[in-house]
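K.L.:
Have a peek at target10.txt (compact mmCIF, C-alpha atoms).
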# COMPACT_ATOMS: atom_id res chain seq x y z
CA MET A 1 0.00 0.00 0.00
CA ALA A 2 1.33 3.44 -0.90
CA ASP A 3 1.17 6.56 1.27
CA MET A 4 -1.70 9.05 1.14
CA LEU A 5 -1.58 12.85 0.88
CA VAL A 6 -3.84 15.33 2.70
CA LYS A 7 -4.26 19.03 1.91
CA LEU A 8 -4.20 20.49 5.41
CA TYR A 9 -5.68 23.79 4.29
CA ASN A 10 -8.87 21.93 3.24
CA ILE A 11 -9.57 19.85 6.36
CA SER A 12 -12.58 20.58 8.51
CA ASP A 13 -11.99 21.41 12.17
CA SER A 14 -12.60 18.92 14.95
CA HIS A 15 -14.78 21.11 17.22
CA ASP A 16 -18.18 19.64 16.36
CA ILE A 17 -17.08 16.00 16.55
CA GLU A 18 -15.23 16.66 19.81
CA ARG A 19 -18.32 18.32 21.28
CA LYS A 20 -20.46 15.32 20.28
CA LEU A 21 -17.97 12.87 21.79
CA SER A 22 -17.74 14.96 24.96
CA GLU A 23 -21.50 14.65 25.40
CA GLU A 24 -20.98 10.87 25.30
CA GLY A 25 -18.25 11.06 27.95
CA ILE A 26 -15.32 10.74 25.52
CA LYS A 27 -12.48 13.24 25.69
CA ILE A 28 -9.81 13.84 23.07
CA LYS A 29 -6.66 15.30 24.59
CA LYS A 30 -2.95 15.68 24.08
CA ALA A 31 -0.96 12.90 25.72
CA LEU A 32 1.23 13.78 28.69
CA ALA A 33 4.53 12.24 29.76
CA PRO A 34 3.15 10.72 33.01
CA ASP A 35 0.86 8.52 30.88
CA ARG A 36 3.60 7.42 28.50
CA SER A 37 3.88 3.80 29.70
CA LYS A 38 0.11 3.28 29.66
CA ILE A 39 -0.21 4.63 26.12
CA ILE A 40 2.79 2.66 24.84
CA ASN A 41 1.40 -0.56 26.36
CA PHE A 42 -2.02 0.20 24.87
CA ALA A 43 -0.41 0.78 21.45
CA GLY A 44 1.20 -2.65 21.66
CA MET A 45 -2.05 -4.50 22.27
CA CYS A 46 -4.89 -2.39 20.86
CA ALA A 47 -4.47 -3.15 17.16
CA LYS A 48 -3.32 -6.11 15.11
CA ASP A 49 0.03 -4.35 14.60
CA ASP A 50 2.28 -3.30 17.48
CA TYR A 51 2.59 0.50 17.34
CA SER A 52 4.51 0.91 20.59
CA ASP A 53 7.79 1.95 18.92
CA GLU A 54 6.14 4.76 17.00
CA VAL A 55 4.25 5.95 20.08
CA THR A 56 7.56 5.96 21.97
CA ALA A 57 9.00 8.16 19.19
CA ALA A 58 6.02 10.55 19.48
CA PHE A 59 6.82 10.96 23.19
CA CYS A 60 10.39 11.96 22.30
CA ASN A 61 9.08 15.04 20.50
CA ASN A 62 8.64 18.28 22.38
CA PRO A 63 5.77 18.87 22.56
CA VAL A 64 4.52 15.27 22.49
CA THR A 65 2.93 14.46 19.12
CA CYS A 66 0.23 12.08 20.31
CA TYR A 67 -3.47 12.53 21.04
CA ILE A 68 -5.54 10.11 23.10
CA ALA A 69 -9.22 9.30 23.47
CA VAL A 70 -10.40 8.59 27.01
CA ARG A 71 -13.72 7.49 28.49
CA GLU A 72 -14.16 7.18 32.26
CA LYS A 73 -10.39 7.34 32.80
CA LYS A 74 -9.90 4.45 30.34
CA LEU A 75 -7.76 4.80 27.23
CA ILE A 76 -9.79 3.84 24.14
CA GLY A 77 -7.70 5.22 21.27
CA PHE A 78 -4.66 7.19 20.19
CA ALA A 79 -3.19 8.93 17.16
CA CYS A 80 0.37 10.11 16.56
CA TYR A 81 2.02 12.42 14.08
CA GLU A 82 5.66 13.15 13.34
CA ALA A 83 6.55 9.77 14.88
CA THR A 84 7.99 7.79 11.96
CA ALA A 85 9.07 10.80 9.92
CA ARG A 86 8.51 14.55 9.77
CA ASN A 87 5.14 15.53 8.31
CA PHE A 88 3.78 11.97 8.66
CA PHE A 89 0.48 11.14 10.37
CA GLY A 90 0.20 7.79 12.13
CA PRO A 91 -0.10 5.39 13.66
CA MET A 92 -3.64 5.51 14.95
CA ALA A 93 -5.81 2.88 16.64
CA VAL A 94 -9.15 2.75 18.43
CA LEU A 95 -10.41 -0.22 20.41
CA GLU A 96 -12.53 -2.49 18.23
CA GLU A 97 -15.63 -2.05 20.38
CA GLU A 98 -15.30 1.76 20.25
CA ARG A 99 -15.07 2.10 16.46
CA LYS A 100 -17.69 3.73 14.23
CA LYS A 101 -18.43 6.41 16.86
CA GLY A 102 -16.31 9.25 15.44
CA ILE A 103 -13.35 8.70 17.77
CA GLY A 104 -10.91 7.92 14.97
CA LYS A 105 -12.12 10.90 12.96
CA ALA A 106 -11.64 13.22 15.96
CA LEU A 107 -8.13 11.87 16.63
CA LEU A 108 -7.23 12.23 12.95
CA LEU A 109 -8.53 15.78 12.65
CA LYS A 110 -6.87 16.93 15.91
CA SER A 111 -3.55 15.54 14.69
CA LEU A 112 -3.90 17.11 11.24
CA GLU A 113 -4.84 20.45 12.83
CA SER A 114 -1.67 20.29 14.92
CA MET A 115 0.37 19.55 11.80
CA ARG A 116 -1.21 22.56 10.09
CA GLU A 117 -0.28 24.68 13.13
CA LEU A 118 3.32 23.50 12.67
CA GLY A 119 3.22 25.21 9.28
CA TYR A 120 2.62 22.26 6.97
CA ALA A 121 0.30 22.72 3.98
CA TYR A 122 0.16 18.97 3.28
CA ALA A 123 0.51 15.85 5.42
CA ILE A 124 1.42 12.30 4.53
CA ILE A 125 -0.52 9.38 5.93
CA GLY A 126 2.15 6.74 6.05
CA TRP A 127 1.40 3.38 4.49
CA PRO A 128 -2.22 3.03 5.64
CA ALA A 129 -3.90 -0.35 5.83
CA GLU A 130 -5.92 -1.02 2.70
CA SER A 131 -9.07 -1.14 4.84
CA ALA A 132 -8.34 2.37 6.22
CA ALA A 133 -7.83 4.19 2.90
CA ALA A 134 -11.55 4.93 2.44
CA PHE A 135 -11.75 6.27 6.01
CA TYR A 136 -8.89 8.73 5.40
CA GLN A 137 -10.40 9.78 2.07
CA LYS A 138 -13.82 10.39 3.64
CA CYS A 139 -12.62 12.16 6.81
CA ALA A 140 -9.77 14.27 5.43
CA GLY A 141 -9.94 14.14 1.64
CA ALA A 142 -6.75 12.07 1.51
CA VAL A 143 -5.64 10.76 -1.88
CA MET A 144 -3.30 7.92 -2.74
CA ILE A 145 0.21 8.87 -3.79
CA ASP A 146 1.11 7.06 -7.00
CA GLU A 147 4.03 5.04 -5.69
CA LYS A 148 4.70 1.34 -5.95
CA SER A 149 7.15 1.05 -3.06
CA SER A 150 6.48 1.19 0.67
CA GLY A 151 8.09 4.65 0.83
CA VAL A 152 10.00 5.52 3.98
CA TYR A 153 9.03 2.14 5.47
CA GLN A 154 11.26 0.30 2.99
CA ARG A 155 14.12 0.97 5.43
CA MET A 156 12.52 -1.36 7.99
CA ILE A 157 14.38 -4.58 8.77
CA GLU A 158 11.74 -6.92 7.38
CA MET A 159 11.31 -4.96 4.15
CA ASP A 160 13.33 -6.09 1.16
CA GLU A 161 12.84 -3.62 -1.70
Just give me the structure of the file as structure tokens.
P.N.:
Amino acid sequence: MADMLVKLYNISDSHDIERKLSEEGIKIKKALAPDRSKIINFAGMCAKDDYSDEVTAAFCNNPVTCYIAVREKKLIGFACYEATARNFFGPMAVLEEERKKGIGKALLLKSLESMRELGYAYAIIGWPAESAAAFYQKCAGAVMIDEKSSGVYQRMIEMDE
């Protein structure tokens, strides 16, 4: 799967979706260092892929480049940006039972808004799962980048391109 590109100057803001989630007891907030271990552990078990290394990288940035979704003091999702590479969004995961409620969209939009505030006009969604491409297109207008390789991820140990 190739990367996707998002025009940050065209994204909608996250205020309405955050307000709706807040009414349901779900808060979207910037991650803080004291919660680092909890979020890293969550990232290792919440999705089919282990995202703990990328979340660790997001905590090395100052400020931290990770948002979390919380309900009743329980972590239910996260999204990172500038973790794998500059100007890259991801990874992101929401607990299976919490999906289809707007949590992923809120996490995505908050992260993209932060990237826009950093001065970027475009953002790259790094190597999204095939099943997530339609979500990114619908929520942020992301388009596939015409590339046959795995992009920056080709440097990973298990990649052989």
K.L.:
Nearest to Phe78 in chain A: which of A:Val152, A:Ile26, A:Met92, A:Ala2 is it, counting only C-alpha atoms?
P.N.:
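When distances to Phe78 in chain A are compared using only C-alpha atoms, the smallest one comes from A:Met92.
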K.L.:
Go through range 50-117 of chain A residue by residue and, counting all atoms listed in the file, keep those with an atom at most 10 Å from range 128-143 of chain A; for each kept residue give the shortest atom pair and its distance in Å to one decimal, ordered by chain and increasing number, as CSV.
P.N.:
residue,atom,partner,partner_atom,distance
A:Phe89,CA,A:Pro128,CA,9.8
A:Gly90,CA,A:Pro128,CA,8.4
A:Pro91,CA,A:Pro128,CA,8.6
A:Met92,CA,A:Pro128,CA,9.7
A:Gly102,CA,A:Cys139,CA,9.8
A:Gly104,CA,A:Phe135,CA,9.1
A:Lys105,CA,A:Cys139,CA,6.3
A:Ala106,CA,A:Cys139,CA,9.3
A:Leu108,CA,A:Cys139,CA,8.2
A:Leu109,CA,A:Ala140,CA,7.5
A:Leu112,CA,A:Ala140,CA,8.7
K.L.:
Take the selection from the previous step and output its residues with C-alpha atoms, as a PDB file, keeping the file's coordinate frame.
P.N.:
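Okay, result-v1.pdb is ready:
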ATOM      1  CA  PHE A  89       0.480  11.140  10.370  1.00  0.00           C
ATOM      2  CA  GLY A  90       0.200   7.790  12.130  1.00  0.00           C
ATOM      3  CA  PRO A  91      -0.100   5.390  13.660  1.00  0.00           C
ATOM      4  CA  MET A  92      -3.640   5.510  14.950  1.00  0.00           C
ATOM      5  CA  GLY A 102     -16.310   9.250  15.440  1.00  0.00           C
ATOM      6  CA  GLY A 104     -10.910   7.920  14.970  1.00  0.00           C
ATOM      7  CA  LYS A 105     -12.120  10.900  12.960  1.00  0.00           C
ATOM      8  CA  ALA A 106     -11.640  13.220  15.960  1.00  0.00           C
ATOM      9  CA  LEU A 108      -7.230  12.230  12.950  1.00  0.00           C
ATOM     10  CA  LEU A 109      -8.530  15.780  12.650  1.00  0.00           C
ATOM     11  CA  LEU A 112      -3.900  17.110  11.240  1.00  0.00           C
TER      12      LEU A 112
END
K.L.:
For Ile17 in chain A, which residue among A:Arg36, A:Arg155, A:Lys48, A:Lys110 is the nearest when counting only C-alpha atoms?
P.N.:
A:Lys110
K.L.:
Please provide as a PDB file with C-alpha atoms, in the frame of the given file all residues within 12 Å of range 37-47 of chain A, with the sequence filter that same-chain residues fewer than 6 positions apart are discarded (counting only C-alpha atoms).
P.N.:
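This went into part-v4.pdb:
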ATOM      1  CA  LYS A  30      -2.950  15.680  24.080  1.00  0.00           C
ATOM      2  CA  ALA A  31      -0.960  12.900  25.720  1.00  0.00           C
ATOM      3  CA  ASP A  53       7.790   1.950  18.920  1.00  0.00           C
ATOM      4  CA  GLU A  54       6.140   4.760  17.000  1.00  0.00           C
ATOM      5  CA  VAL A  55       4.250   5.950  20.080  1.00  0.00           C
ATOM      6  CA  THR A  56       7.560   5.960  21.970  1.00  0.00           C
ATOM      7  CA  ALA A  57       9.000   8.160  19.190  1.00  0.00           C
ATOM      8  CA  ALA A  58       6.020  10.550  19.480  1.00  0.00           C
ATOM      9  CA  PHE A  59       6.820  10.960  23.190  1.00  0.00           C
ATOM     10  CA  CYS A  66       0.230  12.080  20.310  1.00  0.00           C
ATOM     11  CA  TYR A  67      -3.470  12.530  21.040  1.00  0.00           C
ATOM     12  CA  ILE A  68      -5.540  10.110  23.100  1.00  0.00           C
ATOM     13  CA  ALA A  69      -9.220   9.300  23.470  1.00  0.00           C
ATOM     14  CA  VAL A  70     -10.400   8.590  27.010  1.00  0.00           C
ATOM     15  CA  LYS A  73     -10.390   7.340  32.800  1.00  0.00           C
ATOM     16  CA  LYS A  74      -9.900   4.450  30.340  1.00  0.00           C
ATOM     17  CA  LEU A  75      -7.760   4.800  27.230  1.00  0.00           C
ATOM     18  CA  ILE A  76      -9.790   3.840  24.140  1.00  0.00           C
ATOM     19  CA  GLY A  77      -7.700   5.220  21.270  1.00  0.00           C
ATOM     20  CA  PHE A  78      -4.660   7.190  20.190  1.00  0.00           C
ATOM     21  CA  ALA A  79      -3.190   8.930  17.160  1.00  0.00           C
ATOM     22  CA  CYS A  80       0.370  10.110  16.560  1.00  0.00           C
ATOM     23  CA  GLY A  90       0.200   7.790  12.130  1.00  0.00           C
ATOM     24  CA  PRO A  91      -0.100   5.390  13.660  1.00  0.00           C
ATOM     25  CA  MET A  92      -3.640   5.510  14.950  1.00  0.00           C
ATOM     26  CA  ALA A  93      -5.810   2.880  16.640  1.00  0.00           C
ATOM     27  CA  VAL A  94      -9.150   2.750  18.430  1.00  0.00           C
ATOM     28  CA  LEU A  95     -10.410  -0.220  20.410  1.00  0.00           C
ATOM     29  CA  GLU A  96     -12.530  -2.490  18.230  1.00  0.00           C
ATOM     30  CA  GLU A  97     -15.630  -2.050  20.380  1.00  0.00           C
ATOM     31  CA  GLU A  98     -15.300   1.760  20.250  1.00  0.00           C
ATOM     32  CA  ARG A  99     -15.070   2.100  16.460  1.00  0.00           C
ATOM     33  CA  ALA A 129      -3.900  -0.350   5.830  1.00  0.00           C
TER      34      ALA A 129
END
K.L.:
Can you measure CA of Thr84 in chain A to CA of Asp50 in chain A for me? One decimal in Å is fine.
P.N.:
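CA of Asp50 in chain A lies at a distance of 13.6 Å from CA of Thr84 in chain A.
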K.L.:
Can you tell me how far CA of Ser114 in chain A sits from CA of Asp35 in chain A, in Å to one decimal?
P.N.:
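Separation of CA of Ser114 in chain A and CA of Asp35 in chain A: 20.0 Å.
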K.L.:
From the set A:Leu8, A:Val64, A:Glu18, A:Asp13, which residue has the shortest atom-to-atom contact distance to Ala33 in chain A, counting all atoms listed in the file?
P.N.:
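Among the listed residues, the smallest separation from Ala33 in chain A belongs to A:Val64.
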K.L.:
For each of A:Glu23, A:Trp127, A:Tyr51, A:Ser12, take the minimum atom-to-atom distance to Glu147 in chain A, counting only C-alpha atoms, then give the residue where this is smallest.
P.N.:
A:Trp127
K.L.:
For Leu118 in chain A, work out the shell of residues within 12 Å, counting all atoms listed in the file and skipping chain neighbours fewer than 4 positions away, then give it as an MDAnalysis selection string.
P.N.:
chainID A and resid 8 63 65 81:82 86:87 111:114 122:123
K.L.:
Which is closer to Leu107 in chain A than all the others in A:Leu5, A:Met156, A:Ile28, A:Cys60, using all atoms listed in the file?
P.N.:
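So, comparing all the options, the nearest one is A:Ile28.
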K.L.:
Axis-aligned box over every listed atom of range 82-88 of chain A, padded by 3 Å per side: centre and edges in Å to one decimal, as lines of an AutoDock Vina configuration file?
P.N.:
center_x = 6.4
center_y = 11.7
center_z = 11.6
size_x = 11.3
size_y = 13.7
size_z = 12.6
K.L.:
What does the distance from CA of Asp3 in chain A to CA of Lys100 in chain A come to in Å, to one decimal?
P.N.:
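Pair CA of Asp3 in chain A / CA of Lys100 in chain A returns 23.1 Å.
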K.L.:
Can you put all heavy atoms back into range 93-104 of chain A and show it as a CSV table (one decimal), in the coordinates of the input?
P.N.:
chain,number,residue,atom,x,y,z
A,93,ALA,N,-5.0,4.1,16.4
A,93,ALA,CA,-5.8,2.9,16.6
A,93,ALA,C,-6.9,3.2,17.7
A,93,ALA,O,-6.7,4.1,18.5
A,93,ALA,CB,-4.9,1.7,17.2
A,94,VAL,N,-8.0,2.6,17.5
A,94,VAL,CA,-9.2,2.8,18.4
A,94,VAL,C,-9.6,1.3,18.8
A,94,VAL,O,-9.6,0.5,17.9
A,94,VAL,CB,-10.3,3.5,17.8
A,94,VAL,CG1,-11.5,3.6,18.7
A,94,VAL,CG2,-9.9,5.0,17.4
A,95,LEU,N,-9.9,1.1,20.0
A,95,LEU,CA,-10.4,-0.2,20.4
A,95,LEU,C,-11.5,-0.7,19.5
A,95,LEU,O,-12.4,0.1,19.1
A,95,LEU,CB,-10.9,-0.2,21.9
A,95,LEU,CG,-9.9,-0.1,23.0
A,95,LEU,CD1,-10.5,0.0,24.3
A,95,LEU,CD2,-8.9,-1.3,22.9
A,96,GLU,N,-11.5,-1.9,19.1
A,96,GLU,CA,-12.5,-2.5,18.2
A,96,GLU,C,-14.0,-2.1,18.6
A,96,GLU,O,-14.8,-1.7,17.8
A,96,GLU,CB,-12.4,-4.0,18.2
A,96,GLU,CG,-13.2,-4.7,17.2
A,96,GLU,CD,-12.6,-4.8,15.8
A,96,GLU,OE1,-11.4,-4.9,15.7
A,96,GLU,OE2,-13.4,-4.7,14.8
A,97,GLU,N,-14.3,-2.3,19.9
A,97,GLU,CA,-15.6,-2.0,20.4
A,97,GLU,C,-16.0,-0.6,20.4
A,97,GLU,O,-17.2,-0.2,20.6
A,97,GLU,CB,-15.9,-2.7,21.8
A,97,GLU,CG,-15.0,-2.2,22.9
A,97,GLU,CD,-13.6,-2.9,23.0
A,97,GLU,OE1,-13.2,-3.6,22.1
A,97,GLU,OE2,-13.1,-2.7,24.1
A,98,GLU,N,-15.0,0.3,20.2
A,98,GLU,CA,-15.3,1.8,20.2
A,98,GLU,C,-15.3,2.4,18.9
A,98,GLU,O,-15.5,3.6,18.7
A,98,GLU,CB,-14.3,2.5,21.1
A,98,GLU,CG,-14.3,2.0,22.6
A,98,GLU,CD,-15.5,2.6,23.3
A,98,GLU,OE1,-16.2,3.4,22.8
A,98,GLU,OE2,-15.7,2.1,24.5
A,99,ARG,N,-15.1,1.6,17.8
A,99,ARG,CA,-15.1,2.1,16.5
A,99,ARG,C,-16.5,2.5,16.0
A,99,ARG,O,-17.5,2.1,16.5
A,99,ARG,CB,-14.4,1.1,15.5
A,99,ARG,CG,-13.0,0.9,15.9
A,99,ARG,CD,-12.3,-0.1,15.0
A,99,ARG,NE,-10.9,-0.4,15.5
A,99,ARG,CZ,-10.2,-1.4,15.1
A,99,ARG,NH1,-10.6,-2.2,14.2
A,99,ARG,NH2,-9.0,-1.5,15.7
A,100,LYS,N,-16.5,3.3,14.9
A,100,LYS,CA,-17.7,3.7,14.2
A,100,LYS,C,-18.5,4.7,15.1
A,100,LYS,O,-19.7,4.9,14.9
A,100,LYS,CB,-18.6,2.5,13.8
A,100,LYS,CG,-17.9,1.5,13.1
A,100,LYS,CD,-18.0,1.7,11.6
A,100,LYS,CE,-17.5,0.5,10.9
A,100,LYS,NZ,-16.8,0.8,9.7
A,101,LYS,N,-17.8,5.4,16.0
A,101,LYS,CA,-18.4,6.4,16.9
A,101,LYS,C,-17.9,7.8,16.6
A,101,LYS,O,-18.3,8.7,17.3
A,101,LYS,CB,-18.2,6.0,18.3
A,101,LYS,CG,-18.9,4.7,18.7
A,101,LYS,CD,-18.6,4.3,20.1
A,101,LYS,CE,-19.2,3.0,20.5
A,101,LYS,NZ,-18.9,2.6,21.8
A,102,GLY,N,-16.9,7.9,15.7
A,102,GLY,CA,-16.3,9.2,15.4
A,102,GLY,C,-15.0,9.5,16.2
A,102,GLY,O,-14.4,10.5,16.0
A,103,ILE,N,-14.6,8.5,17.0
A,103,ILE,CA,-13.4,8.7,17.8
A,103,ILE,C,-12.1,8.8,16.9
A,103,ILE,O,-11.3,9.7,17.0
A,103,ILE,CB,-13.2,7.6,18.8
A,103,ILE,CG1,-14.4,7.6,19.8
A,103,ILE,CG2,-11.9,7.6,19.5
A,103,ILE,CD1,-14.5,6.3,20.6
A,104,GLY,N,-12.0,7.9,15.9
A,104,GLY,CA,-10.9,7.9,15.0
A,104,GLY,C,-10.9,9.2,14.2
A,104,GLY,O,-9.8,9.8,14.0
